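J.: Handing over query.pdb, PDB, C-alpha atoms.
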```pdb
ATOM      1  CA  MET B   1      59.502 -25.104  16.030
ATOM      2  CA  GLU B   2      61.212 -23.105  18.794
ATOM      3  CA  LEU B   3      59.221 -23.952  21.912
ATOM      4  CA  HIS B   4      59.110 -21.579  24.860
ATOM      5  CA  PHE B   5      60.593 -23.109  28.005
ATOM      6  CA  ARG B   6      61.971 -22.422  31.463
ATOM      7  CA  GLU B   7      65.191 -24.086  32.613
ATOM      8  CA  MET B   8      66.475 -24.511  36.156
ATOM      9  CA  GLY B   9      68.831 -26.750  38.109
ATOM     10  CA  GLN B  10      71.663 -29.030  37.037
ATOM     11  CA  GLY B  11      72.250 -32.711  36.402
ATOM     12  CA  GLN B  12      70.059 -35.336  34.732
ATOM     13  CA  PRO B  13      67.714 -33.615  32.253
ATOM     14  CA  LEU B  14      64.031 -33.776  33.247
ATOM     15  CA  LEU B  15      61.329 -32.420  30.924
ATOM     16  CA  ILE B  16      57.787 -31.547  32.066
ATOM     17  CA  LEU B  17      54.809 -31.202  29.691
ATOM     18  CA  HIS B  18      51.519 -29.561  30.694
ATOM     19  CA  GLY B  19      47.980 -30.538  29.692
ATOM     20  CA  LEU B  20      45.300 -29.030  27.446
ATOM     21  CA  PHE B  21      44.788 -25.263  27.939
ATOM     22  CA  GLY B  22      47.821 -25.294  30.263
ATOM     23  CA  SER B  23      51.333 -23.910  30.165
ATOM     24  CA  SER B  24      54.717 -24.259  31.799
ATOM     25  CA  ASP B  25      53.553 -21.850  34.524
ATOM     26  CA  ASN B  26      51.253 -24.566  35.921
ATOM     27  CA  TRP B  27      54.302 -26.634  36.895
ATOM     28  CA  LEU B  28      56.602 -23.909  38.165
ATOM     29  CA  THR B  29      56.318 -24.782  41.883
ATOM     30  CA  ILE B  30      57.096 -28.487  41.447
ATOM     31  CA  ALA B  31      59.769 -27.710  38.851
ATOM     32  CA  LYS B  32      61.624 -25.515  41.352
ATOM     33  CA  GLN B  33      61.588 -28.367  43.862
ATOM     34  CA  LEU B  34      62.790 -30.902  41.311
ATOM     35  CA  ALA B  35      65.530 -28.493  40.223
ATOM     36  CA  GLU B  36      67.276 -29.174  43.529
ATOM     37  CA  ASP B  37      68.182 -32.584  42.066
ATOM     38  CA  TYR B  38      67.764 -32.318  38.279
ATOM     39  CA  ARG B  39      68.205 -30.042  35.280
ATOM     40  CA  VAL B  40      64.540 -29.260  34.730
ATOM     41  CA  PHE B  41      62.884 -27.943  31.574
ATOM     42  CA  ILE B  42      59.206 -26.980  31.735
ATOM     43  CA  ILE B  43      57.968 -26.552  28.182
ATOM     44  CA  ASP B  44      55.012 -24.850  26.516
ATOM     45  CA  GLN B  45      53.703 -27.220  23.858
ATOM     46  CA  ARG B  46      52.733 -25.776  20.474
ATOM     47  CA  ASN B  47      49.520 -23.699  20.479
ATOM     48  CA  HIS B  48      49.903 -23.204  24.249
ATOM     49  CA  GLY B  49      51.597 -20.730  26.563
ATOM     50  CA  GLN B  50      54.238 -18.634  24.843
ATOM     51  CA  SER B  51      55.124 -21.218  22.193
ATOM     52  CA  PRO B  52      54.255 -20.552  18.535
ATOM     53  CA  HIS B  53      50.801 -21.170  17.114
ATOM     54  CA  SER B  54      50.384 -23.607  14.235
ATOM     55  CA  GLU B  55      47.577 -24.978  12.096
ATOM     56  CA  GLU B  56      49.213 -28.408  12.437
ATOM     57  CA  TRP B  57      48.380 -29.937  15.814
ATOM     58  CA  ASN B  58      48.461 -33.618  16.689
ATOM     59  CA  TYR B  59      50.441 -35.949  18.916
ATOM     60  CA  THR B  60      52.927 -36.869  16.205
ATOM     61  CA  VAL B  61      54.024 -33.265  15.638
ATOM     62  CA  MET B  62      53.967 -32.523  19.373
ATOM     63  CA  ALA B  63      56.206 -35.530  20.036
ATOM     64  CA  LYS B  64      58.528 -34.416  17.236
ATOM     65  CA  ASP B  65      58.642 -30.939  18.785
ATOM     66  CA  ILE B  66      60.004 -32.458  21.992
ATOM     67  CA  ALA B  67      62.448 -34.719  20.149
ATOM     68  CA  ASP B  68      63.724 -31.676  18.222
ATOM     69  CA  PHE B  69      63.953 -29.762  21.507
ATOM     70  CA  CYS B  70      66.222 -32.499  22.866
ATOM     71  CA  VAL B  71      68.455 -32.274  19.808
ATOM     72  CA  GLN B  72      68.605 -28.468  20.013
ATOM     73  CA  HIS B  73      69.637 -28.598  23.678
ATOM     74  CA  GLN B  74      71.835 -31.701  23.337
ATOM     75  CA  LEU B  75      69.750 -33.725  25.806
ATOM     76  CA  GLU B  76      70.104 -37.505  25.952
ATOM     77  CA  ASN B  77      68.648 -40.266  28.150
ATOM     78  CA  ILE B  78      66.063 -37.855  29.478
ATOM     79  CA  TYR B  79      63.504 -38.215  32.225
ATOM     80  CA  ILE B  80      60.171 -36.884  31.021
ATOM     81  CA  VAL B  81      56.846 -36.134  32.724
ATOM     82  CA  GLY B  82      53.517 -35.382  31.070
ATOM     83  CA  HIS B  83      50.124 -34.527  32.534
ATOM     84  CA  SER B  84      46.908 -35.372  30.653
ATOM     85  CA  MET B  85      47.469 -34.175  27.055
ATOM     86  CA  GLY B  86      51.155 -33.879  27.948
ATOM     87  CA  GLY B  87      51.054 -37.510  29.060
ATOM     88  CA  LYS B  88      49.732 -38.476  25.646
ATOM     89  CA  THR B  89      52.596 -36.548  24.055
ATOM     90  CA  VAL B  90      55.045 -38.456  26.257
ATOM     91  CA  MET B  91      53.545 -41.806  25.206
ATOM     92  CA  LYS B  92      53.696 -40.784  21.548
ATOM     93  CA  MET B  93      57.307 -39.742  21.956
ATOM     94  CA  ALA B  94      58.080 -43.120  23.537
ATOM     95  CA  GLU B  95      56.538 -44.753  20.468
ATOM     96  CA  LEU B  96      58.424 -42.648  17.907
ATOM     97  CA  PHE B  97      61.666 -41.735  19.710
ATOM     98  CA  PRO B  98      62.214 -44.385  22.417
ATOM     99  CA  GLN B  99      65.993 -44.029  22.285
ATOM    100  CA  THR B 100      65.693 -40.518  23.741
ATOM    101  CA  ILE B 101      63.924 -41.501  26.985
ATOM    102  CA  GLN B 102      65.403 -43.217  30.026
ATOM    103  CA  LYS B 103      62.396 -42.976  32.350
ATOM    104  CA  MET B 104      58.967 -41.411  32.011
ATOM    105  CA  ILE B 105      55.973 -40.457  34.134
ATOM    106  CA  VAL B 106      52.432 -40.210  32.753
ATOM    107  CA  ILE B 107      50.011 -38.353  35.028
ATOM    108  CA  ASP B 108      46.285 -39.116  35.093
ATOM    109  CA  ILE B 109      45.810 -40.314  31.539
ATOM    110  CA  ALA B 110      45.792 -43.766  29.929
ATOM    111  CA  PRO B 111      46.814 -44.856  26.408
ATOM    112  CA  ARG B 112      43.199 -45.424  25.356
ATOM    113  CA  TYR B 113      40.827 -43.211  23.349
ATOM    114  CA  TYR B 114      38.849 -40.621  25.324
ATOM    115  CA  PRO B 115      35.610 -39.151  23.944
ATOM    116  CA  VAL B 116      35.698 -35.372  23.610
ATOM    117  CA  HIS B 117      34.274 -33.735  26.725
ATOM    118  CA  HIS B 118      35.467 -30.155  26.401
ATOM    119  CA  HIS B 119      32.533 -28.727  24.440
ATOM    120  CA  GLN B 120      31.175 -26.663  27.335
ATOM    121  CA  ILE B 121      34.577 -25.129  28.050
ATOM    122  CA  LEU B 122      35.220 -24.372  24.384
ATOM    123  CA  SER B 123      31.799 -22.773  24.017
ATOM    124  CA  ALA B 124      32.437 -20.610  27.083
ATOM    125  CA  LEU B 125      35.868 -19.549  25.841
ATOM    126  CA  LYS B 126      34.562 -18.636  22.395
ATOM    127  CA  SER B 127      31.799 -16.525  23.943
ATOM    128  CA  ILE B 128      34.423 -14.068  25.236
ATOM    129  CA  ASN B 129      34.910 -11.237  22.768
ATOM    130  CA  PHE B 130      38.178  -9.441  23.428
ATOM    131  CA  GLU B 131      37.125  -6.705  21.021
ATOM    132  CA  GLU B 132      34.687  -5.639  23.723
ATOM    133  CA  PHE B 133      36.276  -6.819  26.975
ATOM    134  CA  ILE B 134      39.098  -4.826  28.515
ATOM    135  CA  SER B 135      39.597  -6.681  31.794
ATOM    136  CA  ARG B 136      40.052 -10.202  33.130
ATOM    137  CA  LYS B 137      37.127  -9.538  35.472
ATOM    138  CA  GLN B 138      34.761  -9.194  32.512
ATOM    139  CA  ALA B 139      35.999 -12.512  31.118
ATOM    140  CA  GLU B 140      35.609 -14.165  34.514
ATOM    141  CA  ASP B 141      32.027 -12.952  34.768
ATOM    142  CA  VAL B 142      31.222 -14.608  31.436
ATOM    143  CA  LEU B 143      32.919 -17.885  32.346
ATOM    144  CA  GLN B 144      31.086 -17.979  35.666
ATOM    145  CA  HIS B 145      27.801 -18.490  33.836
ATOM    146  CA  SER B 146      29.061 -21.612  32.056
ATOM    147  CA  ILE B 147      31.782 -23.108  34.283
ATOM    148  CA  ASP B 148      30.773 -23.751  37.889
ATOM    149  CA  ASP B 149      34.142 -24.905  39.193
ATOM    150  CA  ILE B 150      36.181 -21.927  40.360
ATOM    151  CA  GLY B 151      39.458 -23.857  40.028
ATOM    152  CA  THR B 152      38.792 -24.550  36.338
ATOM    153  CA  ARG B 153      37.858 -20.913  35.747
ATOM    154  CA  GLN B 154      41.017 -19.624  37.393
ATOM    155  CA  PHE B 155      43.123 -22.155  35.459
ATOM    156  CA  LEU B 156      41.681 -20.888  32.164
ATOM    157  CA  LEU B 157      41.908 -17.211  33.108
ATOM    158  CA  LYS B 158      45.663 -17.572  33.657
ATOM    159  CA  ASN B 159      45.906 -17.789  29.857
ATOM    160  CA  ILE B 160      44.691 -14.210  29.318
ATOM    161  CA  TYR B 161      47.419 -11.668  28.573
ATOM    162  CA  TRP B 162      47.856  -8.176  27.137
ATOM    163  CA  ILE B 163      48.715  -8.640  23.480
ATOM    164  CA  SER B 164      49.031  -4.842  23.141
ATOM    165  CA  ASP B 165      47.926  -1.715  24.994
ATOM    166  CA  GLY B 166      44.252  -2.130  25.867
ATOM    167  CA  LYS B 167      43.967  -5.437  23.985
ATOM    168  CA  LEU B 168      43.588  -8.818  25.713
ATOM    169  CA  ALA B 169      43.951 -12.254  24.098
ATOM    170  CA  TRP B 170      44.221 -15.954  24.882
ATOM    171  CA  ARG B 171      47.723 -17.397  24.950
ATOM    172  CA  PHE B 172      46.479 -20.728  23.610
ATOM    173  CA  ASN B 173      45.357 -21.055  19.996
ATOM    174  CA  LEU B 174      41.626 -21.317  20.617
ATOM    175  CA  ASN B 175      40.608 -21.647  16.967
ATOM    176  CA  VAL B 176      42.933 -24.557  16.195
ATOM    177  CA  ILE B 177      42.220 -26.309  19.492
ATOM    178  CA  SER B 178      38.483 -25.968  18.895
ATOM    179  CA  ASN B 179      38.687 -27.207  15.288
ATOM    180  CA  LEU B 180      40.986 -30.159  16.107
ATOM    181  CA  ILE B 181      39.748 -31.042  19.599
ATOM    182  CA  GLU B 182      39.130 -34.651  18.519
ATOM    183  CA  ILE B 183      42.879 -35.300  18.468
ATOM    184  CA  VAL B 184      43.181 -34.730  22.206
ATOM    185  CA  GLY B 185      41.394 -37.969  22.980
ATOM    186  CA  GLU B 186      43.215 -40.147  20.438
ATOM    187  CA  ALA B 187      44.725 -43.410  21.614
ATOM    188  CA  THR B 188      48.508 -43.340  21.923
ATOM    189  CA  PRO B 189      50.074 -45.320  20.523
ATOM    190  CA  GLY B 190      47.535 -45.941  17.793
ATOM    191  CA  ASP B 191      48.645 -49.576  17.534
ATOM    192  CA  VAL B 192      47.458 -51.112  20.815
ATOM    193  CA  GLN B 193      49.619 -54.176  20.129
ATOM    194  CA  LYS B 194      52.791 -52.106  20.261
ATOM    195  CA  VAL B 195      54.790 -52.664  23.469
ATOM    196  CA  CYS B 196      56.947 -50.016  25.158
ATOM    197  CA  ASN B 197      59.676 -51.281  27.482
ATOM    198  CA  ILE B 198      60.757 -47.903  28.879
ATOM    199  CA  GLU B 199      60.535 -47.788  32.667
ATOM    200  CA  THR B 200      57.299 -45.905  33.268
ATOM    201  CA  LEU B 201      55.253 -44.655  36.186
ATOM    202  CA  PHE B 202      51.558 -43.964  35.686
ATOM    203  CA  ILE B 203      50.096 -41.716  38.377
ATOM    204  CA  LYS B 204      46.370 -41.305  38.907
ATOM    205  CA  GLY B 205      44.415 -39.005  41.185
ATOM    206  CA  GLU B 206      42.325 -40.794  43.794
ATOM    207  CA  LYS B 207      39.249 -38.721  42.898
ATOM    208  CA  SER B 208      39.792 -38.848  39.135
ATOM    209  CA  ALA B 209      38.099 -41.220  36.686
ATOM    210  CA  TYR B 210      40.688 -40.822  33.933
ATOM    211  CA  ILE B 211      42.506 -44.077  34.763
ATOM    212  CA  LYS B 212      40.123 -46.952  35.508
ATOM    213  CA  LEU B 213      40.746 -50.575  36.445
ATOM    214  CA  ASP B 214      40.454 -51.709  32.818
ATOM    215  CA  ASP B 215      43.009 -49.054  31.887
ATOM    216  CA  GLU B 216      45.463 -50.453  34.418
ATOM    217  CA  LEU B 217      45.226 -53.847  32.718
ATOM    218  CA  SER B 218      45.876 -52.374  29.263
ATOM    219  CA  ILE B 219      48.716 -50.253  30.657
ATOM    220  CA  GLN B 220      50.406 -53.393  31.970
ATOM    221  CA  GLN B 221      50.084 -55.033  28.548
ATOM    222  CA  GLN B 222      51.400 -52.056  26.576
ATOM    223  CA  TYR B 223      53.948 -50.919  29.171
ATOM    224  CA  PRO B 224      55.189 -54.119  30.849
ATOM    225  CA  ASN B 225      57.978 -52.232  32.629
ATOM    226  CA  SER B 226      55.519 -49.934  34.400
ATOM    227  CA  LYS B 227      53.510 -49.502  37.564
ATOM    228  CA  VAL B 228      50.423 -47.483  38.461
ATOM    229  CA  ILE B 229      50.164 -45.590  41.734
ATOM    230  CA  THR B 230      47.423 -43.404  43.218
ATOM    231  CA  ILE B 231      47.879 -39.975  44.783
ATOM    232  CA  SER B 232      45.363 -39.497  47.580
ATOM    233  CA  ASN B 233      43.213 -36.400  48.040
ATOM    234  CA  ALA B 234      43.619 -35.384  44.405
ATOM    235  CA  GLY B 235      41.547 -35.402  41.245
ATOM    236  CA  HIS B 236      42.753 -34.846  37.689
ATOM    237  CA  TRP B 237      44.805 -31.768  38.693
ATOM    238  CA  VAL B 238      47.191 -33.851  40.793
ATOM    239  CA  HIS B 239      50.009 -31.299  40.700
ATOM    240  CA  ALA B 240      47.735 -28.566  42.059
ATOM    241  CA  GLU B 241      45.704 -30.628  44.539
ATOM    242  CA  ASN B 242      48.448 -32.668  46.235
ATOM    243  CA  PRO B 243      51.833 -31.353  45.070
ATOM    244  CA  ILE B 244      53.687 -32.666  48.126
ATOM    245  CA  ALA B 245      52.681 -36.291  47.527
ATOM    246  CA  LEU B 246      53.260 -35.950  43.781
ATOM    247  CA  HIS B 247      56.756 -34.541  44.262
ATOM    248  CA  ALA B 248      57.629 -37.370  46.645
ATOM    249  CA  ALA B 249      56.328 -40.009  44.198
ATOM    250  CA  MET B 250      58.300 -38.503  41.317
ATOM    251  CA  LEU B 251      61.532 -38.417  43.302
ATOM    252  CA  ASN B 252      61.058 -41.988  44.500
ATOM    253  CA  PHE B 253      60.578 -43.209  40.935
ATOM    254  CA  PHE B 254      63.490 -41.310  39.440
ATOM    255  CA  GLU B 255      65.930 -42.178  42.219
ATOM    256  CA  ASN B 256      65.215 -45.909  42.455
TER     257      ASN B 256
END
```
Represent the structure of the file as structure tokens.

T.:
Amino acid sequence: MELHFREMGQGQPLLILHGLFGSSDNWLTIAKQLAEDYRVFIIDQRNHGQSPHSEEWNYTVMAKDIADFCVQHQLENIYIVGHSMGGKTVMKMAELFPQTIQKMIVIDIAPRYYPVHHHQILSALKSINFEEFISRKQAEDVLQHSIDDIGTRQFLLKNIYWISDGKLAWRFNLNVISNLIEIVGEATPGDVQKVCNIETLFIKGEKSAYIKLDDELSIQQQYPNSKVITISNAGHWVHAENPIALHAAMLNFFEN
């Protein structure tokens, strides 16, 4: 699969993977900063952003997409960063293609299973009929009834685009994501006894509950060459809520 991506900078290759319902655009600001020191690729994962849609969607194929991307672009010993669902893809890639990765960062997600908690968002998204709506404002009005948080609404609305004259659509593959949403929470790797020795940094948001104390213990068992740090004044959307601290933490990890 030919994934859509943005490339900037020179030097050590550094790949960045977004989370569920996201795209490479979400990481553009930090990517530009990192490009002062690295050759940065921000990538749309399958069924997201401007990458192709597919009926096949799971962490194994998403990890293979990234491994194939590295082959296509002749990238070796990469640094790789993944947020939330992207973090799960990174962990799956480390399981299946460890020889490709030199260092990796997993942002606000743990290896464990997470129960599905996106039903309200999916229901709200599916209630928007683009056969009738001709503006983003109409879609926003619908989402406002179901999603209280304005940040979440704006994040989702960034995925609306003009597919043709007078016709709006979602960039992400809503049908496949909705039908296969259970895969998003899957444990990675599936074998909790499997140990990964790649140097890894787990980053959690101070206000987020995605990485708990028990998770930190399991992370240390599965990723013995890792550490967990907390970014203050940030929840799950660490890159949006405290980008300065996140950028500094990433540079410190990669350069030391």

J.: Can you list, as a count of residues only, every protein, DNA or RNA residue that comes within 9 Å of Tyr210 of chain B when you count all atoms listed in the file, leaving out same-chain residues fewer than 2 positions away?

T.: 11

J.: Name the residues that the PyMOL selection byres ((chain B and resi 82) around 12) picks from the file above, as a PDB file with C-alpha atoms, keeping the file's coordinate frame, using the file's chain letters and numbers.

T.:
```pdb
ATOM      1  CA  LEU B  14      64.031 -33.776  33.247  1.00  0.00           C
ATOM      2  CA  LEU B  15      61.329 -32.420  30.924  1.00  0.00           C
ATOM      3  CA  ILE B  16      57.787 -31.547  32.066  1.00  0.00           C
ATOM      4  CA  LEU B  17      54.809 -31.202  29.691  1.00  0.00           C
ATOM      5  CA  HIS B  18      51.519 -29.561  30.694  1.00  0.00           C
ATOM      6  CA  GLY B  19      47.980 -30.538  29.692  1.00  0.00           C
ATOM      7  CA  LEU B  20      45.300 -29.030  27.446  1.00  0.00           C
ATOM      8  CA  GLY B  22      47.821 -25.294  30.263  1.00  0.00           C
ATOM      9  CA  SER B  23      51.333 -23.910  30.165  1.00  0.00           C
ATOM     10  CA  SER B  24      54.717 -24.259  31.799  1.00  0.00           C
ATOM     11  CA  TRP B  27      54.302 -26.634  36.895  1.00  0.00           C
ATOM     12  CA  PHE B  41      62.884 -27.943  31.574  1.00  0.00           C
ATOM     13  CA  ILE B  42      59.206 -26.980  31.735  1.00  0.00           C
ATOM     14  CA  ILE B  43      57.968 -26.552  28.182  1.00  0.00           C
ATOM     15  CA  ASP B  44      55.012 -24.850  26.516  1.00  0.00           C
ATOM     16  CA  GLN B  45      53.703 -27.220  23.858  1.00  0.00           C
ATOM     17  CA  ALA B  63      56.206 -35.530  20.036  1.00  0.00           C
ATOM     18  CA  ILE B  66      60.004 -32.458  21.992  1.00  0.00           C
ATOM     19  CA  TYR B  79      63.504 -38.215  32.225  1.00  0.00           C
ATOM     20  CA  ILE B  80      60.171 -36.884  31.021  1.00  0.00           C
ATOM     21  CA  VAL B  81      56.846 -36.134  32.724  1.00  0.00           C
ATOM     22  CA  HIS B  83      50.124 -34.527  32.534  1.00  0.00           C
ATOM     23  CA  SER B  84      46.908 -35.372  30.653  1.00  0.00           C
ATOM     24  CA  MET B  85      47.469 -34.175  27.055  1.00  0.00           C
ATOM     25  CA  GLY B  86      51.155 -33.879  27.948  1.00  0.00           C
ATOM     26  CA  GLY B  87      51.054 -37.510  29.060  1.00  0.00           C
ATOM     27  CA  LYS B  88      49.732 -38.476  25.646  1.00  0.00           C
ATOM     28  CA  THR B  89      52.596 -36.548  24.055  1.00  0.00           C
ATOM     29  CA  VAL B  90      55.045 -38.456  26.257  1.00  0.00           C
ATOM     30  CA  MET B  91      53.545 -41.806  25.206  1.00  0.00           C
ATOM     31  CA  LYS B  92      53.696 -40.784  21.548  1.00  0.00           C
ATOM     32  CA  MET B  93      57.307 -39.742  21.956  1.00  0.00           C
ATOM     33  CA  ALA B  94      58.080 -43.120  23.537  1.00  0.00           C
ATOM     34  CA  LYS B 103      62.396 -42.976  32.350  1.00  0.00           C
ATOM     35  CA  MET B 104      58.967 -41.411  32.011  1.00  0.00           C
ATOM     36  CA  ILE B 105      55.973 -40.457  34.134  1.00  0.00           C
ATOM     37  CA  VAL B 106      52.432 -40.210  32.753  1.00  0.00           C
ATOM     38  CA  ILE B 107      50.011 -38.353  35.028  1.00  0.00           C
ATOM     39  CA  ASP B 108      46.285 -39.116  35.093  1.00  0.00           C
ATOM     40  CA  ILE B 109      45.810 -40.314  31.539  1.00  0.00           C
ATOM     41  CA  ALA B 110      45.792 -43.766  29.929  1.00  0.00           C
ATOM     42  CA  THR B 200      57.299 -45.905  33.268  1.00  0.00           C
ATOM     43  CA  LEU B 201      55.253 -44.655  36.186  1.00  0.00           C
ATOM     44  CA  PHE B 202      51.558 -43.964  35.686  1.00  0.00           C
ATOM     45  CA  ILE B 203      50.096 -41.716  38.377  1.00  0.00           C
ATOM     46  CA  VAL B 238      47.191 -33.851  40.793  1.00  0.00           C
ATOM     47  CA  HIS B 239      50.009 -31.299  40.700  1.00  0.00           C
ATOM     48  CA  MET B 250      58.300 -38.503  41.317  1.00  0.00           C
TER      49      MET B 250
END
```

J.: Choose the residue, out of B:Asn179, B:Ser127, B:Asn26, B:Ser135, that has the smallest atom-to-atom separation from Glu56 of chain B; count only C-alpha atoms.

T.: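 Using only C-alpha atoms, Glu56 of chain B sits closest to B:Asn179.
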
J.: So the first atom is atom CA of Gly151 of chain B and the second is atom CA of Asn242 of chain B; what is the distance between them in Å, to one decimal place?

T.: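 It comes out at 14.0 Å.
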
J.: Expanded to explicit residues, what is the PyMOL selection byres ((chain B and resi 169) around 12) for this file, as an NGL selection string?

T.: :B and (49 or 125-126 or 128-136 or 139 or 157-168 or 170-174)

J.: When distances are computed from all atoms listed in the file, which of B:Leu75, B:Ile198, B:Ala124, B:Ile101 shows the smallest separation from Arg153 of chain B?

T.: B:Ala124

J.: Ranking B:Pro224, B:Glu36, B:Ala234, B:Ile121 by minimum distance to Gln144 of chain B and counting all atoms listed in the file, which one comes first?

T.: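 Answer, going by the shortest atom-to-atom distance: B:Ile121.
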
J.: Quote the spacing between atom CA of Gln222 of chain B and atom CA of Glu186 of chain B in Å to one decimal place.

T.: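 Value for the atom CA of Gln222 of chain B-atom CA of Glu186 of chain B distance: 15.7 Å.
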
J.: Report, in Å to a single decimal, how far apart atom CA of Gln12 of chain B and atom CA of Val195 of chain B are.

T.: 25.7 Å

J.: With the file shown as input, list the residues that the PyMOL selection byres ((chain B and resi 8) around 7) selects, as a list in words.

T.: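 Listing what the PyMOL selection byres ((chain B and resi 8) around 7) selects in the shown file: Arg6, Glu7, Gly9, Gln10, Ala35, Arg39, Val40 and Phe41 of chain B.
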
J.: Just the residues within 9 Å of Ile177 of chain B, please, counting only C-alpha atoms, with nothing from its chain fewer than 5 positions along; format it as a PyMOL selection string.

T.: chain B and resi 20-21+47+57+122+172+182+184

J.: Write the residues you've just listed into a file as a PDB file, in the coordinates of the input, and include C-alpha atoms for each of them.

T.:
```pdb
ATOM      1  CA  LEU B  20      45.300 -29.030  27.446  1.00  0.00           C
ATOM      2  CA  PHE B  21      44.788 -25.263  27.939  1.00  0.00           C
ATOM      3  CA  ASN B  47      49.520 -23.699  20.479  1.00  0.00           C
ATOM      4  CA  TRP B  57      48.380 -29.937  15.814  1.00  0.00           C
ATOM      5  CA  LEU B 122      35.220 -24.372  24.384  1.00  0.00           C
ATOM      6  CA  PHE B 172      46.479 -20.728  23.610  1.00  0.00           C
ATOM      7  CA  GLU B 182      39.130 -34.651  18.519  1.00  0.00           C
ATOM      8  CA  VAL B 184      43.181 -34.730  22.206  1.00  0.00           C
TER       9      VAL B 184
END
```

J.: Pick from B:Asn197, B:Pro189, B:His73, B:Leu180: nearest to His118 of chain B, with only C-alpha atoms counted?

T.: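 The closest residue to His118 of chain B is B:Leu180.
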
J.: When you write segment 73-113 of chain B out from the block above, keep C-alpha atoms and present the result as a CSV table (one decimal), in the first residue's frame, please.

T.:
```csv
chain,number,residue,atom,x,y,z
B,73,HIS,CA,12.3,4.7,0.9
B,74,GLN,CA,15.4,2.8,1.8
B,75,LEU,CA,15.2,3.7,5.5
B,76,GLU,CA,17.2,1.7,8.1
B,77,ASN,CA,17.8,2.0,11.8
B,78,ILE,CA,14.9,4.3,12.1
B,79,TYR,CA,13.6,6.4,15.0
B,80,ILE,CA,9.8,6.0,15.2
B,81,VAL,CA,7.1,7.8,17.2
B,82,GLY,CA,3.5,6.7,17.6
B,83,HIS,CA,0.6,8.3,19.5
B,84,SER,CA,-2.3,6.2,20.8
B,85,MET,CA,-3.3,3.9,18.0
B,86,GLY,CA,-0.1,4.9,16.3
B,87,GLY,CA,1.8,3.8,19.4
B,88,LYS,CA,0.1,0.4,19.1
B,89,THR,CA,1.3,0.2,15.5
B,90,VAL,CA,4.8,1.1,16.7
B,91,MET,CA,4.8,-1.7,19.3
B,92,LYS,CA,3.5,-4.2,16.7
B,93,MET,CA,6.2,-3.2,14.3
B,94,ALA,CA,8.8,-3.7,17.1
B,95,GLU,CA,7.4,-7.2,17.6
B,96,LEU,CA,7.4,-8.1,13.9
B,97,PHE,CA,10.2,-6.0,12.4
B,98,PRO,CA,12.6,-5.2,15.3
B,99,GLN,CA,15.6,-5.1,13.0
B,100,THR,CA,14.2,-1.9,11.4
B,101,ILE,CA,14.0,0.2,14.6
B,102,GLN,CA,16.8,1.8,16.5
B,103,LYS,CA,14.8,3.8,19.0
B,104,MET,CA,11.0,4.3,19.5
B,105,ILE,CA,8.6,6.5,21.4
B,106,VAL,CA,5.1,5.4,22.4
B,107,ILE,CA,2.8,8.3,23.4
B,108,ASP,CA,0.0,7.8,25.9
B,109,ILE,CA,-0.8,4.2,25.3
B,110,ALA,CA,0.3,0.9,27.0
B,111,PRO,CA,0.7,-2.6,25.5
B,112,ARG,CA,-2.4,-3.8,27.3
B,113,TYR,CA,-6.0,-4.4,26.0
```
